[in-house]
Amino acid sequence: MEIKDVYREVKSLPIDSVLSRYVALHKRAGHYEILCPFHNDKSMGSFVIRPSKNRWDCYCCGKGGDGTEFVSLLLQIPKREAAIQIAEEHKLIDSQTAAALRRGNKCKAVFKPHPIIKKIRHNPKRDEAHLTKVYTAFVAAAGAVSNAHEKYLAQAREIKGWEKDFFEWPNPNSLLFWKRFAAELKKEGITTSMTRAIQYVPGFYFNLESMRPYFLSAKGIGIVLRDENGNISGLQLRPDDGGDGAKYKLFSSSWAAFNDLEKPNSFDGASAQQVIDILYPPDTSDFKAAAVTEGKFKAIQLAKMGYVVLSINGVNCWSMVLTQFLFLVKRLGLQMVHIYFDADMGEKAGVAEAAIELFRAIAAKGFDTYFVVWPKSFGKGIDDMILAGHRKDLRMRRGNSYAKNLEQFVAQEKAKQRERMQKLISTKASAYNTAKPIKDESK
């Protein structure tokens with residue numbers, strides 16, 4: 001046996017069996033979910049574990065893979081060590097074989113057979129032109145925000161000039177809404193049936209139990225996301241009650257984006273992955289610089305300051321939209337890009353690491369890149385800080401020097417994490433011989 005044989009056998013282990021030894025899995029309809037441990041995840045839905053595909057994916061930070069890759073990333077150990085550890089935990093090999101493999105020796109072993117993994121298909125997302133038409137019809141059918149939401153937006157968030165980017169989130173159980181939606185789809189030139197029009201459009205899915213189309217049900221404020229030309233590229237929801245801890249929910253049906261080939265019509269959703277949202281300053285004749293921040297409210301305040309802004313859906317959700325934004329920045333003749341993450345950026349390893357990666361990606365394109373920081377006591381987000389009257393307290397930090405400080409902090413935090421995990425594994429080794437109970441939340 002060689003290490004490549006271990007990789008092959010470990011890869012065939014049920015993905016839920018591998019991950020459940022490290023994290024508690026939350027069962028949904030045909031899959032499992034957890035909070036992503038690789039970025040500052042605050043709500044379920046982006047990190048999905050598919051037993052039928054035998055892999056995991058986070059549709060926010062973009063990471064994904066098999067069990068070996070998960071353990072390697074989680075424990076910050078080489079993939080070789082992760083594969084050996086998993087094989088030993090699942091009793092595919094004994095401790096002597098594991099020790100020999102760690103030394104790089106060949107050895108004999110008998111592997112336990114595993115079930116054949118089913119093949120599945122990833123649903124293709126509809127083209128951008130179609131998405132824009134559907135989302136435009138959705139917003140028009142939903143209508144303007146309620147009086148209470150209008151007061152909140154005007155007084156607490158000061159969004160004057162961007163009112164058109166907010167709407168009242170509709171109720172998916174309202175027949176009146178669906179009738180208005182169907183009428184608006186026709187206005188957009190969509191002549192197919194409504195069910196066909198929303199198929200593979202992120203955010204929508206077909207509920208097999210009730211046999212009707214559906215989308216996220218909640219009370220809150222709908223937020224419009226736009227591309228560089230002002231077209232609607234996607235939607236967000238800001239729940240009134242905070243939902244499961246997330247302030248903002250991207251309109252996506254990633255959980256329904258995979259079809260078992262044996263049941264091709266079981267699901268018909270699609271993943272939004274990352275959605276671009278660009279804001280321009282009121283006076284487009286004089287751009288100050290470009291900026292990247294997290295969230296619409298923060299982006300609006302920066303746009304008021306004269307920035308052209310990329311608003312990302314999460315600190316790790318920029319890899320698929322950054323290039324498009326930087327092309328725009330270059331076309332506008334701008335050379336400087338400012339990163340506005342929250343004031344606690346240097347206190348959370350996941351956020352700090354995301355900031356470092358973003359800086360490197362921007363700087364690699366030749367832009368002068370700076371971090372903008374401020375005391376956390378003045379407000380966590382840049383919007384809170386500005387609205388509280390502390391704009392004069394903003395401080396610019398050169399990207400290279402500040403990134404080095406963040407790298408030192410991340411290295412220290414990772415060392416602490418490795419120490420904690422190794423201690424946990426060594427002191428509770430017996431716990432890893434029996435999988436943790438999986439919490440079933442599908443009922």
# chains A, B, ... in the order shown; residues from 1 in each chain; ligands from 1
>>> select_by_dssp(residues="segment 233-361 of chain A", states="strand (DSSP E)", output="JSON, numbers by chain")
{"A": [233, 234, 235, 236, 237, 238, 239, 249, 250, 258, 259, 260, 278, 279, 289, 290, 291, 292, 293, 294, 307, 308, 309, 310, 311, 312, 336, 337, 338, 339, 340]}
>>> residues_around(residues="Asn207 of chain A", least_positions_apart="2", cutoff="12 Å", atoms="only C-alpha atoms", output="ChimeraX atom specification")
/A:29,172-173,195,199,204-205,209-216,253,256,265-269
>>> write_last_selection(atoms="N, CA, C and O atoms", output="compact mmCIF listing (two decimals), in the first residue's frame")
# COMPACT_ATOMS: atom_id res chain seq x y z
N ALA A 29 -32.93 18.72 3.53
CA ALA A 29 -33.55 17.85 2.52
C ALA A 29 -32.49 17.33 1.56
O ALA A 29 -32.10 18.00 0.62
N PRO A 172 -44.30 34.42 -0.26
CA PRO A 172 -44.44 33.39 -1.29
C PRO A 172 -45.77 32.66 -1.25
O PRO A 172 -46.12 31.94 -2.20
N ASN A 173 -46.53 32.84 -0.17
CA ASN A 173 -47.85 32.21 -0.07
C ASN A 173 -48.98 33.10 -0.58
O ASN A 173 -50.14 32.72 -0.55
N THR A 195 -43.60 29.17 -14.07
CA THR A 195 -42.78 28.10 -13.50
C THR A 195 -41.54 27.87 -14.35
O THR A 195 -40.43 27.70 -13.83
N GLN A 199 -37.35 28.65 -13.39
CA GLN A 199 -36.54 27.44 -13.25
C GLN A 199 -35.06 27.77 -13.45
O GLN A 199 -34.69 28.48 -14.39
N PHE A 204 -35.28 30.78 -6.50
CA PHE A 204 -36.54 30.07 -6.69
C PHE A 204 -36.31 28.56 -6.73
O PHE A 204 -35.23 28.09 -7.09
N TYR A 205 -37.34 27.80 -6.39
CA TYR A 205 -37.31 26.35 -6.54
C TYR A 205 -38.74 25.85 -6.61
O TYR A 205 -39.69 26.59 -6.34
N GLU A 209 -43.74 18.98 -2.51
CA GLU A 209 -44.83 18.60 -1.61
C GLU A 209 -46.12 19.35 -1.96
O GLU A 209 -47.20 18.76 -1.99
N SER A 210 -45.99 20.64 -2.20
CA SER A 210 -47.18 21.42 -2.55
C SER A 210 -47.37 21.57 -4.05
O SER A 210 -48.38 22.12 -4.50
N MET A 211 -46.36 21.10 -4.81
CA MET A 211 -46.40 21.17 -6.27
C MET A 211 -46.61 22.59 -6.78
O MET A 211 -47.47 22.85 -7.61
N ARG A 212 -45.81 23.50 -6.25
CA ARG A 212 -45.88 24.88 -6.73
C ARG A 212 -44.53 25.56 -6.51
O ARG A 212 -43.72 25.13 -5.69
N PRO A 213 -44.27 26.64 -7.26
CA PRO A 213 -43.01 27.36 -7.10
C PRO A 213 -42.95 28.06 -5.74
O PRO A 213 -43.98 28.38 -5.15
N TYR A 214 -41.74 28.31 -5.28
CA TYR A 214 -41.58 28.86 -3.94
C TYR A 214 -40.27 29.66 -3.89
O TYR A 214 -39.41 29.55 -4.76
N PHE A 215 -40.12 30.47 -2.83
CA PHE A 215 -38.87 31.18 -2.55
C PHE A 215 -38.83 31.48 -1.05
O PHE A 215 -39.77 31.17 -0.32
N LEU A 216 -37.74 32.06 -0.61
CA LEU A 216 -37.52 32.32 0.81
C LEU A 216 -38.66 33.11 1.43
O LEU A 216 -39.05 34.16 0.94
N SER A 253 -30.87 29.54 -4.27
CA SER A 253 -31.46 28.23 -3.92
C SER A 253 -30.40 27.16 -4.14
O SER A 253 -30.61 26.17 -4.83
N ALA A 256 -30.92 23.44 -3.59
CA ALA A 256 -31.68 22.70 -4.60
C ALA A 256 -30.98 22.72 -5.95
O ALA A 256 -31.60 22.52 -6.98
N ASN A 265 -35.81 15.32 -11.96
CA ASN A 265 -36.74 16.41 -11.71
C ASN A 265 -37.02 16.63 -10.22
O ASN A 265 -38.00 17.26 -9.85
N SER A 266 -36.15 16.11 -9.37
CA SER A 266 -36.37 16.23 -7.93
C SER A 266 -36.24 17.67 -7.45
O SER A 266 -37.00 18.13 -6.62
N PHE A 267 -35.26 18.38 -7.98
CA PHE A 267 -35.02 19.76 -7.57
C PHE A 267 -34.79 20.61 -8.81
O PHE A 267 -34.34 20.12 -9.83
N ASP A 268 -35.09 21.86 -8.72
CA ASP A 268 -34.81 22.73 -9.86
C ASP A 268 -34.41 24.12 -9.43
O ASP A 268 -34.84 25.11 -9.99
N GLY A 269 -33.57 24.19 -8.43
CA GLY A 269 -33.03 25.48 -8.00
C GLY A 269 -31.66 25.71 -8.61
O GLY A 269 -31.20 24.95 -9.46
>>> residues_around(residues="segment 370-380 of chain A", least_positions_apart="6", cutoff="6 Å", atoms="only C-alpha atoms", output="PyMOL selection string")
chain A and resi 338-340+342-343+394-399
>>> residues_around(residues="segment 138-141 of chain A", least_positions_apart="2", cutoff="10 Å", atoms="only C-alpha atoms", output="PyMOL selection string")
chain A and resi 132-136+143-144+164-170+176-185+222-224+232+235
>>> closest_residue(among="A:Lys288, A:His149, A:His130, A:Arg157", to="Asp240 of chain A", atoms="only C-alpha atoms")
A:His149
>>> atom_distance(atom1="atom CA of Val48 of chain A", atom2="atom CA of Ile84 of chain A")
24.4 Å
>>> atom_distance(atom1="atom CA of Gly189 of chain A", atom2="atom CA of Ile278 of chain A")
25.7 Å
>>> closest_residue(among="A:Leu13, A:Ala272, A:Ile93, A:Ala303", to="Gly45 of chain A", atoms="only C-alpha atoms")
A:Ala272
>>> atom_distance(atom1="atom CA of Glu407 of chain A", atom2="atom CA of Lys330 of chain A")
28.1 Å
>>> select_by_dssp(residues="segment 270-307 of chain A", states="alpha helix (DSSP H)", output="PDB file with all heavy atoms, in the first residue's frame")
ATOM      1  N   LYS A 296     -24.582  46.582   1.357  1.00  0.00           N
ATOM      2  CA  LYS A 296     -25.151  47.722   0.649  1.00  0.00           C
ATOM      3  C   LYS A 296     -25.109  49.007   1.468  1.00  0.00           C
ATOM      4  O   LYS A 296     -24.768  50.078   0.942  1.00  0.00           O
ATOM      5  CB  LYS A 296     -26.607  47.407   0.290  1.00  0.00           C
ATOM      6  CG  LYS A 296     -27.228  48.343  -0.726  1.00  0.00           C
ATOM      7  CD  LYS A 296     -26.798  47.979  -2.133  1.00  0.00           C
ATOM      8  CE  LYS A 296     -27.586  48.724  -3.183  1.00  0.00           C
ATOM      9  NZ  LYS A 296     -27.282  48.233  -4.542  1.00  0.00           N
ATOM     10  N   PHE A 297     -25.473  48.940   2.746  1.00  0.00           N
ATOM     11  CA  PHE A 297     -25.519  50.150   3.562  1.00  0.00           C
ATOM     12  C   PHE A 297     -24.140  50.802   3.675  1.00  0.00           C
ATOM     13  O   PHE A 297     -24.002  52.018   3.625  1.00  0.00           O
ATOM     14  CB  PHE A 297     -26.080  49.854   4.946  1.00  0.00           C
ATOM     15  CG  PHE A 297     -27.540  49.482   4.936  1.00  0.00           C
ATOM     16  CD1 PHE A 297     -28.022  48.514   5.792  1.00  0.00           C
ATOM     17  CD2 PHE A 297     -28.425  50.107   4.077  1.00  0.00           C
ATOM     18  CE1 PHE A 297     -29.377  48.167   5.789  1.00  0.00           C
ATOM     19  CE2 PHE A 297     -29.769  49.777   4.062  1.00  0.00           C
ATOM     20  CZ  PHE A 297     -30.255  48.802   4.919  1.00  0.00           C
ATOM     21  N   LYS A 298     -23.111  49.970   3.834  1.00  0.00           N
ATOM     22  CA  LYS A 298     -21.746  50.503   3.916  1.00  0.00           C
ATOM     23  C   LYS A 298     -21.340  51.107   2.571  1.00  0.00           C
ATOM     24  O   LYS A 298     -20.710  52.169   2.514  1.00  0.00           O
ATOM     25  CB  LYS A 298     -20.790  49.384   4.313  1.00  0.00           C
ATOM     26  CG  LYS A 298     -21.076  48.796   5.689  1.00  0.00           C
ATOM     27  CD  LYS A 298     -20.232  47.571   5.954  1.00  0.00           C
ATOM     28  CE  LYS A 298     -20.636  46.914   7.273  1.00  0.00           C
ATOM     29  NZ  LYS A 298     -19.912  45.662   7.532  1.00  0.00           N
ATOM     30  N   ALA A 299     -21.697  50.407   1.490  1.00  0.00           N
ATOM     31  CA  ALA A 299     -21.326  50.881   0.154  1.00  0.00           C
ATOM     32  C   ALA A 299     -21.974  52.229  -0.157  1.00  0.00           C
ATOM     33  O   ALA A 299     -21.362  53.085  -0.806  1.00  0.00           O
ATOM     34  CB  ALA A 299     -21.727  49.841  -0.886  1.00  0.00           C
ATOM     35  N   ILE A 300     -23.210  52.418   0.290  1.00  0.00           N
ATOM     36  CA  ILE A 300     -23.900  53.689   0.034  1.00  0.00           C
ATOM     37  C   ILE A 300     -23.154  54.852   0.689  1.00  0.00           C
ATOM     38  O   ILE A 300     -22.955  55.906   0.070  1.00  0.00           O
ATOM     39  CB  ILE A 300     -25.358  53.619   0.549  1.00  0.00           C
ATOM     40  CG1 ILE A 300     -26.196  52.722  -0.371  1.00  0.00           C
ATOM     41  CG2 ILE A 300     -25.969  55.019   0.639  1.00  0.00           C
ATOM     42  CD1 ILE A 300     -27.614  52.496   0.116  1.00  0.00           C
ATOM     43  N   GLN A 301     -22.724  54.667   1.932  1.00  0.00           N
ATOM     44  CA  GLN A 301     -22.008  55.748   2.619  1.00  0.00           C
ATOM     45  C   GLN A 301     -20.671  56.049   1.934  1.00  0.00           C
ATOM     46  O   GLN A 301     -20.252  57.209   1.860  1.00  0.00           O
ATOM     47  CB  GLN A 301     -21.794  55.379   4.087  1.00  0.00           C
ATOM     48  CG  GLN A 301     -23.085  55.190   4.873  1.00  0.00           C
ATOM     49  CD  GLN A 301     -24.037  56.371   4.754  1.00  0.00           C
ATOM     50  OE1 GLN A 301     -23.616  57.533   4.773  1.00  0.00           O
ATOM     51  NE2 GLN A 301     -25.330  56.084   4.623  1.00  0.00           N
ATOM     52  N   LEU A 302     -20.005  55.027   1.421  1.00  0.00           N
ATOM     53  CA  LEU A 302     -18.746  55.244   0.714  1.00  0.00           C
ATOM     54  C   LEU A 302     -18.985  55.930  -0.629  1.00  0.00           C
ATOM     55  O   LEU A 302     -18.199  56.778  -1.050  1.00  0.00           O
ATOM     56  CB  LEU A 302     -18.018  53.913   0.511  1.00  0.00           C
ATOM     57  CG  LEU A 302     -17.477  53.250   1.779  1.00  0.00           C
ATOM     58  CD1 LEU A 302     -16.854  51.904   1.454  1.00  0.00           C
ATOM     59  CD2 LEU A 302     -16.457  54.155   2.474  1.00  0.00           C
ATOM     60  N   ALA A 303     -20.065  55.558  -1.304  1.00  0.00           N
ATOM     61  CA  ALA A 303     -20.392  56.209  -2.575  1.00  0.00           C
ATOM     62  C   ALA A 303     -20.650  57.696  -2.357  1.00  0.00           C
ATOM     63  O   ALA A 303     -20.263  58.537  -3.175  1.00  0.00           O
ATOM     64  CB  ALA A 303     -21.609  55.533  -3.207  1.00  0.00           C
ATOM     65  N   LYS A 304     -21.286  58.025  -1.234  1.00  0.00           N
ATOM     66  CA  LYS A 304     -21.523  59.436  -0.914  1.00  0.00           C
ATOM     67  C   LYS A 304     -20.209  60.199  -0.734  1.00  0.00           C
ATOM     68  O   LYS A 304     -20.150  61.411  -0.945  1.00  0.00           O
ATOM     69  CB  LYS A 304     -22.349  59.553   0.370  1.00  0.00           C
ATOM     70  CG  LYS A 304     -23.804  59.133   0.243  1.00  0.00           C
ATOM     71  CD  LYS A 304     -24.505  59.301   1.584  1.00  0.00           C
ATOM     72  CE  LYS A 304     -25.963  58.910   1.523  1.00  0.00           C
ATOM     73  NZ  LYS A 304     -26.634  59.080   2.827  1.00  0.00           N
TER      74      LYS A 304
END
>>> residues_around(residues="Asp127 of chain A", least_positions_apart="4", cutoff="10 Å", atoms="only C-alpha atoms", output="list in words")
Leu131, Thr132, Tyr200 and Val201 of chain A
>>> write_last_selection(atoms="N, CA and C atoms", output="short mmCIF file (atom, residue, chain, number, x, y, z; two decimals), in the first residue's frame")
data_model
loop_
_atom_site.label_atom_id
_atom_site.label_comp_id
_atom_site.auth_asym_id
_atom_site.auth_seq_id
_atom_site.Cartn_x
_atom_site.Cartn_y
_atom_site.Cartn_z
N LEU A 131 -31.87 36.45 -15.97
CA LEU A 131 -31.93 36.73 -14.53
C LEU A 131 -32.36 38.17 -14.27
N THR A 132 -31.81 39.09 -15.04
CA THR A 132 -32.16 40.51 -14.87
C THR A 132 -33.66 40.73 -15.10
N TYR A 200 -34.23 27.29 -12.54
CA TYR A 200 -32.79 27.53 -12.55
C TYR A 200 -32.43 29.00 -12.35
N VAL A 201 -33.36 29.77 -11.82
CA VAL A 201 -33.07 31.15 -11.42
C VAL A 201 -32.75 31.13 -9.92
#
>>> residues_around(residues="Ile356 of chain A", least_positions_apart="6", cutoff="10 Å", atoms="only C-alpha atoms", output="JSON, numbers by chain")
{"A": [371, 399, 400, 402, 403, 404, 405, 406, 407, 410]}
>>> residues_around(residues="Ile312 of chain A", least_positions_apart="2", cutoff="7 Å", atoms="only C-alpha atoms", output="VMD selection string")
chain A and resid 277 293 to 295 310 314 to 315 317 to 318
